[in-house]
>>> print(open('my_file-v2.tsv').read())   # TSV, C-alpha atoms
chain	number	residue	atom	x	y	z
A	393	MET	CA	65.47	79.93	25.30
A	394	LYS	CA	68.30	80.37	27.80
A	395	ARG	CA	70.00	77.17	26.56
A	396	ARG	CA	69.96	78.44	22.97
A	397	SER	CA	71.60	81.70	23.94
A	398	LEU	CA	74.18	79.80	26.03
A	399	LEU	CA	74.99	77.51	23.10
A	400	LYS	CA	75.17	80.49	20.76
A	401	ALA	CA	77.54	82.27	23.16
A	402	ALA	CA	79.69	79.14	23.46
A	403	VAL	CA	79.92	78.78	19.69
A	404	LEU	CA	80.64	82.48	19.20
A	405	GLY	CA	83.18	82.47	22.01
A	406	SER	CA	85.02	79.50	20.56
A	407	ALA	CA	84.90	81.02	17.07
A	408	ALA	CA	86.42	84.24	18.36
A	409	ALA	CA	89.50	82.29	19.46
A	410	PHE	CA	90.16	81.13	15.89
A	411	PRO	CA	92.09	83.07	13.26
A	412	ALA	CA	90.03	84.52	10.41
A	413	PRO	CA	90.94	81.76	7.88
A	414	ALA	CA	89.66	79.08	10.26
A	415	ILE	CA	86.39	80.95	10.79
A	416	SER	CA	85.88	81.46	7.06
A	417	LYS	CA	86.26	77.70	6.57
A	418	GLY	CA	83.68	77.04	9.29
A	419	LEU	CA	86.17	75.42	11.70
A	420	LEU	CA	85.57	75.40	15.45
A	421	GLU	CA	87.64	74.29	18.43
A	422	TRP	CA	85.94	73.47	21.72
A	423	ARG	CA	87.56	72.90	25.08
A	424	MET	CA	86.80	69.71	27.03
A	425	VAL	CA	87.85	69.68	30.69
A	426	THR	CA	88.20	66.36	32.49
A	427	SER	CA	88.60	65.07	36.02
A	428	TRP	CA	91.31	62.63	34.94
A	429	PRO	CA	95.06	62.77	34.49
A	430	ARG	CA	96.23	62.73	30.88
A	431	GLY	CA	96.50	59.19	29.53
A	432	LEU	CA	94.81	57.52	32.53
A	433	PRO	CA	93.76	54.10	31.19
A	434	GLY	CA	90.00	53.92	30.66
A	435	LEU	CA	88.79	57.30	31.87
A	436	GLY	CA	91.54	59.58	30.55
A	437	THR	CA	91.99	57.75	27.28
A	438	GLY	CA	88.21	57.53	26.91
A	439	ALA	CA	87.94	61.34	26.94
A	440	GLU	CA	90.73	61.59	24.35
A	441	ARG	CA	89.01	58.95	22.18
A	442	LEU	CA	85.68	60.82	22.44
A	443	ALA	CA	87.39	64.03	21.29
A	444	ALA	CA	89.02	62.24	18.35
A	445	ASN	CA	85.70	60.63	17.36
A	446	ILE	CA	83.87	63.98	17.40
A	447	THR	CA	86.57	65.52	15.23
A	448	ALA	CA	86.37	62.59	12.79
A	449	MET	CA	82.54	62.58	12.67
A	450	SER	CA	82.48	66.32	11.97
A	451	GLY	CA	84.93	65.92	9.10
A	452	GLY	CA	87.39	68.10	11.02
A	453	ARG	CA	85.00	71.06	11.28
A	454	LEU	CA	84.83	70.68	15.09
A	455	THR	CA	88.02	69.92	16.98
A	456	ILE	CA	87.94	69.12	20.70
A	457	LYS	CA	91.00	70.13	22.76
A	458	VAL	CA	91.17	67.96	25.87
A	459	TYR	CA	92.38	69.50	29.14
A	460	SER	CA	93.29	67.02	31.84
A	461	ALA	CA	92.57	67.55	35.53
A	462	GLY	CA	94.23	70.76	36.71
A	463	GLU	CA	95.29	72.03	33.29
A	464	LEU	CA	92.42	74.51	32.85
A	465	VAL	CA	90.31	73.93	35.97
A	466	PRO	CA	90.68	71.76	39.11
A	467	ALA	CA	89.71	68.08	38.75
A	468	LEU	CA	86.28	68.42	40.35
A	469	GLU	CA	85.26	71.66	38.63
A	470	CYS	CA	84.19	70.31	35.22
A	471	PHE	CA	80.48	70.91	35.83
A	472	GLY	CA	81.06	74.53	36.84
A	473	ALA	CA	83.51	75.15	34.00
A	474	VAL	CA	80.93	74.11	31.42
A	475	ALA	CA	78.08	75.94	33.17
A	476	ASN	CA	80.06	79.21	33.30
A	477	GLY	CA	81.45	78.94	29.75
A	478	THR	CA	85.11	78.30	30.57
A	479	ALA	CA	84.80	75.09	28.53
A	480	GLN	CA	82.21	73.82	26.09
A	481	MET	CA	82.42	70.21	27.32
A	482	GLY	CA	83.32	68.25	30.43
A	483	HIS	CA	84.16	64.58	30.96
A	484	ASP	CA	83.76	63.30	34.51
A	485	ALA	CA	81.33	61.43	36.75
A	486	GLY	CA	77.93	62.77	37.76
A	487	TYR	CA	78.42	61.83	41.41
A	488	TYR	CA	81.12	64.50	41.68
A	489	HIS	CA	78.31	67.07	41.48
A	490	THR	CA	75.92	65.94	44.19
A	491	GLY	CA	76.51	69.35	45.78
A	492	LYS	CA	74.60	70.84	42.83
A	493	SER	CA	71.88	68.19	43.05
A	494	GLU	CA	71.81	64.81	44.76
A	495	GLY	CA	70.14	63.50	41.61
A	496	CYS	CA	73.45	63.78	39.72
A	497	ALA	CA	74.55	60.50	41.31
A	498	PHE	CA	71.90	58.57	39.41
A	499	PHE	CA	73.61	59.30	36.09
A	500	THR	CA	76.81	57.46	36.92
A	501	ALA	CA	77.93	54.11	38.31
A	502	PHE	CA	77.45	53.67	42.03
A	503	PRO	CA	77.22	50.73	44.44
A	504	PHE	CA	73.96	48.80	44.18
A	505	GLY	CA	73.07	50.83	41.06
A	506	PHE	CA	72.46	49.88	37.44
A	507	THR	CA	74.78	47.64	35.46
A	508	MET	CA	76.29	49.21	32.35
A	509	GLY	CA	73.57	47.74	30.12
A	510	GLU	CA	70.76	48.73	32.48
A	511	MET	CA	72.06	52.31	32.64
A	512	ALA	CA	72.25	52.58	28.84
A	513	ALA	CA	68.73	51.14	28.48
A	514	TRP	CA	67.29	53.52	31.09
A	515	ILE	CA	68.97	56.57	29.53
A	516	LYS	CA	67.99	55.70	25.96
A	517	HIS	CA	64.62	53.96	26.36
A	518	GLY	CA	63.32	54.61	29.87
A	519	ASN	CA	63.12	58.42	29.94
A	520	GLY	CA	66.44	58.65	31.78
A	521	GLN	CA	67.76	61.23	29.29
A	522	LYS	CA	64.61	63.32	29.75
A	523	LEU	CA	65.09	63.30	33.53
A	524	TRP	CA	68.80	64.13	33.13
A	525	ASP	CA	67.94	67.07	30.85
A	526	GLU	CA	65.47	68.40	33.44
A	527	LEU	CA	68.03	68.01	36.23
A	528	TYR	CA	70.79	69.91	34.38
A	529	ALA	CA	68.55	72.53	32.69
A	530	PRO	CA	68.86	75.10	35.52
A	531	PHE	CA	72.63	75.07	34.94
A	532	GLY	CA	72.34	75.56	31.17
A	533	ILE	CA	74.12	72.32	30.33
A	534	ARG	CA	73.19	68.89	29.01
A	535	GLY	CA	74.58	65.54	30.11
A	536	PHE	CA	75.07	62.51	27.94
A	537	GLN	CA	76.73	59.12	28.23
A	538	ALA	CA	80.30	58.94	27.02
A	539	GLY	CA	81.55	55.69	28.53
A	540	SER	CA	80.88	53.70	31.65
A	541	THR	CA	82.91	52.13	34.41
A	542	GLY	CA	80.08	49.69	35.13
A	543	THR	CA	78.67	49.05	38.56
A	544	GLN	CA	81.09	50.06	41.29
A	545	MET	CA	81.94	47.88	44.24
A	546	PHE	CA	80.95	48.89	47.73
A	547	GLY	CA	84.43	47.85	48.80
A	548	TRP	CA	86.86	44.98	49.20
A	549	PHE	CA	87.20	43.61	52.71
A	550	ARG	CA	89.17	40.88	54.45
A	551	ARG	CA	86.32	40.19	56.86
A	552	GLU	CA	82.62	39.78	56.20
A	553	ILE	CA	80.53	42.89	56.84
A	554	ARG	CA	77.42	41.85	58.80
A	555	SER	CA	75.99	45.21	59.90
A	556	ALA	CA	76.30	48.95	59.40
A	557	ARG	CA	78.34	49.10	62.61
A	558	ARG	CA	81.74	47.64	61.82
A	559	PRO	CA	85.03	47.51	63.70
A	560	ALA	CA	87.05	50.74	63.68
A	561	GLY	CA	89.49	50.98	60.80
A	562	THR	CA	87.17	49.39	58.22
A	563	GLN	CA	86.70	51.94	55.48
A	564	VAL	CA	83.95	52.11	52.88
A	565	PRO	CA	84.19	54.41	49.87
A	566	ASP	CA	81.77	57.32	49.90
A	567	ALA	CA	82.63	58.61	46.43
A	568	TRP	CA	79.23	58.15	44.85
A	569	GLN	CA	77.43	60.40	47.35
A	570	PRO	CA	79.94	62.19	49.62
A	571	GLY	CA	78.60	62.78	53.10
A	572	SER	CA	75.54	60.57	52.64
A	573	CYS	CA	76.93	57.52	54.41
A	574	PRO	CA	75.67	57.10	57.99
A	575	ALA	CA	78.31	57.90	60.63
A	576	GLU	CA	78.12	54.40	62.10
A	577	ALA	CA	79.16	52.95	58.72
A	578	ARG	CA	82.52	54.76	59.03
A	579	CYS	CA	82.75	55.83	55.39
A	580	HIS	CA	85.45	58.08	54.05
A	581	ALA	CA	85.13	60.57	51.20
A	582	GLY	CA	87.24	58.88	48.57
A	583	LEU	CA	86.75	60.91	45.41
A	584	ALA	CA	89.21	59.53	42.89
A	585	ALA	CA	89.30	62.36	40.35
A	586	GLY	CA	92.60	63.90	39.36
A	587	TRP	CA	94.81	61.45	41.18
>>> encode(input="my_file-v2.tsv", output="C-alpha cells")
Amino acid sequence: MKRRSLLKAAVLGSAAAFPAPAISKGLLEWRMVTSWPRGLPGLGTGAERLAANITAMSGGRLTIKVYSAGELVPALECFGAVANGTAQMGHDAGYYHTGKSEGCAFFTAFPFGFTMGEMAAWIKHGNGQKLWDELYAPFGIRGFQAGSTGTQMFGWFRREIRSARRPAGTQVPDAWQPGSCPAEARCHAGLAAGW
C-alpha cells in the first residue's frame, strides 16, 4: 500500500511540474539521477540510452531527464534521492548502498560474483528479482537491471598474491563492499562514482 501511495505521489509531483497543456495531453517528465559524469562511456551513456528508450517506448508520453553526478544530488546519493522523492529514477550500482543493506551488493557486479549472463538468469528466472524487491521494499523503491559491467576484477598486480597478508603498498579495491575487507588484506575504499 505504501509503494502505491509513493508512486502516486511521484507521478502527481512530476505532473505538477508540467504546464497545463502537457498535463492535458497526458505527458510526464521524470528525473533520473546518476552516479556518473555526463557522457561517460558505458555507464553514463547507458543511462542516457535508457532514458531515450523509455521515451521512445512510451510514444513520448514519459520523458526522462537525466541528471549526471552532482547536478541534482551528489554521485553516491541516487538511492536516497529516489527514496525521498527528489527523483523518480536512479542509475548507479547497488554496492554503493551497502550502508542501507549489505544485501545491495548482490545486485551488482563484484569480484568472484556472477557473470553478466548468470546475473540476468538469477534476476529473471531464479527469484533474484523477488529477493531484490523484498530488500528495497522498506525504502519504497524497486530495483531493476539496466545494464551490466560484467564481473569485476579483484585487481591487477605485478606480483602474484599468495595470501591475505601482502607486502605494504599493494592495494585491492574495496568498492563492492566498502569496509568489509579484512585489515590484513590492505584494501582501500575505491568507489568510482562521479569521477
>>> closest_residue(input="my_file-v2.tsv", among="A:Tyr528, A:Cys496, A:Gly486, A:Gln537", to="Ile515 (chain A)", atoms="all atoms listed in the file")
A:Gln537
>>> atom_distance(input="my_file-v2.tsv", atom1="CA of Thr437 (chain A)", atom2="CA of Ala485 (chain A)")
14.7 Å
>>> atom_distance(input="my_file-v2.tsv", atom1="CA of Leu527 (chain A)", atom2="CA of Arg441 (chain A)")
26.8 Å
>>> closest_residue(input="my_file-v2.tsv", among="A:Gly434, A:Glu510, A:Phe502, A:Val425", to="Leu468 (chain A)", atoms="only C-alpha atoms")
A:Val425
>>> closest_residue(input="my_file-v2.tsv", among="A:Trp422, A:Gly520, A:Ser460, A:Gly495", to="Ala479 (chain A)", atoms="all atoms listed in the file")
A:Trp422
>>> closest_residue(input="my_file-v2.tsv", among="A:Ile446, A:Glu463, A:Phe499, A:Pro433", to="Gln521 (chain A)", atoms="all atoms listed in the file")
A:Phe499
>>> closest_residue(input="my_file-v2.tsv", among="A:Met449, A:Ala467, A:Thr507, A:Leu420", to="His483 (chain A)", atoms="all atoms listed in the file")
A:Ala467
>>> decode(input="my_file-v2.tsv", residues="region 446-566 of chain A", atoms="C-alpha atoms", output="short mmCIF file (atom, residue, chain, number, x, y, z; two decimals), in the first residue's frame")
data_model
loop_
_atom_site.label_atom_id
_atom_site.label_comp_id
_atom_site.auth_asym_id
_atom_site.auth_seq_id
_atom_site.Cartn_x
_atom_site.Cartn_y
_atom_site.Cartn_z
CA ILE A 446 11.80 4.77 -22.21
CA THR A 447 10.72 7.92 -24.01
CA ALA A 448 10.52 6.05 -27.33
CA MET A 449 8.65 3.05 -25.85
CA SER A 450 6.10 5.37 -24.22
CA GLY A 451 5.47 7.15 -27.50
CA GLY A 452 6.78 10.36 -25.91
CA ARG A 453 4.23 10.32 -23.08
CA LEU A 454 7.01 9.79 -20.49
CA THR A 455 10.24 11.73 -20.87
CA ILE A 456 13.22 11.01 -18.63
CA LYS A 457 15.54 13.95 -17.84
CA VAL A 458 18.97 12.59 -16.90
CA TYR A 459 20.98 14.36 -14.18
CA SER A 460 24.63 13.42 -14.03
CA ALA A 461 26.57 13.03 -10.78
CA GLY A 462 26.43 16.27 -8.81
CA GLU A 463 23.85 18.04 -10.98
CA LEU A 464 20.86 17.35 -8.72
CA VAL A 465 22.36 15.22 -5.94
CA PRO A 466 25.89 14.03 -5.07
CA ALA A 467 27.18 10.99 -7.00
CA LEU A 468 26.50 8.45 -4.25
CA GLU A 469 23.06 9.75 -3.24
CA CYS A 470 20.92 8.21 -6.01
CA PHE A 471 19.28 5.67 -3.71
CA GLY A 472 18.28 8.33 -1.18
CA ALA A 473 17.12 10.75 -3.88
CA VAL A 474 14.68 8.19 -5.25
CA ALA A 475 13.56 7.03 -1.80
CA ASN A 476 12.81 10.61 -0.67
CA GLY A 477 11.14 11.68 -3.94
CA THR A 478 13.78 14.10 -5.21
CA ALA A 479 13.96 11.95 -8.37
CA GLN A 480 11.73 9.24 -9.76
CA MET A 481 14.64 7.10 -11.00
CA GLY A 482 18.30 6.45 -10.24
CA HIS A 483 21.05 4.80 -12.28
CA ASP A 484 24.03 3.54 -10.29
CA ALA A 485 25.46 0.39 -8.74
CA GLY A 486 23.84 -1.47 -5.86
CA TYR A 487 27.12 -1.84 -3.98
CA TYR A 488 27.13 1.93 -3.39
CA HIS A 489 24.27 1.34 -0.93
CA THR A 490 25.65 -1.34 1.36
CA GLY A 491 25.19 1.18 4.18
CA LYS A 492 21.42 0.73 3.69
CA SER A 493 21.74 -3.05 3.46
CA GLU A 494 24.73 -5.28 2.82
CA GLY A 495 22.47 -7.27 0.51
CA CYS A 496 22.55 -4.43 -2.05
CA ALA A 497 25.96 -5.68 -3.21
CA PHE A 498 24.44 -8.87 -4.57
CA PHE A 499 22.53 -6.94 -7.25
CA THR A 500 25.61 -5.62 -9.00
CA ALA A 501 28.92 -6.89 -10.35
CA PHE A 502 31.53 -7.70 -7.73
CA PRO A 503 34.69 -9.81 -7.57
CA PHE A 504 34.02 -13.55 -7.50
CA GLY A 505 30.33 -12.85 -8.23
CA PHE A 506 28.05 -13.77 -11.11
CA THR A 507 28.97 -13.26 -14.74
CA MET A 508 26.66 -10.97 -16.71
CA GLY A 509 24.63 -13.93 -18.02
CA GLU A 510 24.41 -15.61 -14.61
CA MET A 511 23.19 -12.36 -13.01
CA ALA A 512 20.49 -11.89 -15.66
CA ALA A 513 19.37 -15.52 -15.29
CA TRP A 514 19.22 -15.27 -11.48
CA ILE A 515 17.26 -11.99 -11.57
CA LYS A 516 14.79 -13.16 -14.22
CA HIS A 517 14.43 -16.88 -13.53
CA GLY A 518 15.91 -17.64 -10.11
CA ASN A 519 13.79 -15.43 -7.84
CA GLY A 520 16.52 -12.77 -7.75
CA GLN A 521 14.01 -10.03 -8.62
CA LYS A 522 11.71 -11.21 -5.83
CA LEU A 523 14.58 -11.00 -3.32
CA TRP A 524 15.58 -7.57 -4.67
CA ASP A 525 12.00 -6.32 -4.29
CA GLU A 526 11.92 -7.53 -0.67
CA LEU A 527 15.27 -5.89 0.06
CA TYR A 528 14.26 -2.47 -1.33
CA ALA A 529 10.61 -2.52 -0.14
CA PRO A 530 11.33 -0.79 3.20
CA PHE A 531 12.71 2.17 1.22
CA GLY A 532 9.68 2.40 -1.08
CA ILE A 533 11.69 1.81 -4.24
CA ARG A 534 12.20 -1.00 -6.74
CA GLY A 535 15.44 -2.05 -8.41
CA PHE A 536 15.80 -3.46 -11.88
CA GLN A 537 18.62 -4.29 -14.26
CA ALA A 538 19.56 -1.56 -16.69
CA GLY A 539 22.95 -2.67 -17.96
CA SER A 540 25.90 -4.57 -16.57
CA THR A 541 29.62 -4.08 -16.31
CA GLY A 542 30.11 -7.83 -16.00
CA THR A 543 32.19 -9.48 -13.32
CA GLN A 544 34.68 -7.07 -11.79
CA MET A 545 38.31 -7.89 -11.26
CA PHE A 546 39.73 -8.17 -7.78
CA GLY A 547 42.68 -6.16 -9.03
CA TRP A 548 45.66 -6.06 -11.36
CA PHE A 549 49.00 -6.79 -9.76
CA ARG A 550 52.62 -7.03 -10.86
CA ARG A 551 53.34 -9.78 -8.35
CA GLU A 552 51.36 -12.90 -7.54
CA ILE A 553 49.14 -12.63 -4.46
CA ARG A 554 49.60 -15.78 -2.36
CA SER A 555 47.87 -14.86 0.91
CA ALA A 556 45.64 -12.27 2.52
CA ARG A 557 48.75 -10.71 4.07
CA ARG A 558 50.59 -8.93 1.29
CA PRO A 559 53.52 -6.52 1.21
CA ALA A 560 52.70 -2.93 2.18
CA GLY A 561 51.71 -0.75 -0.74
CA THR A 562 49.69 -3.45 -2.53
CA GLN A 563 46.17 -2.11 -2.87
CA VAL A 564 42.98 -4.05 -3.51
CA PRO A 565 39.75 -2.30 -4.47
CA ASP A 566 37.06 -2.38 -1.81
#
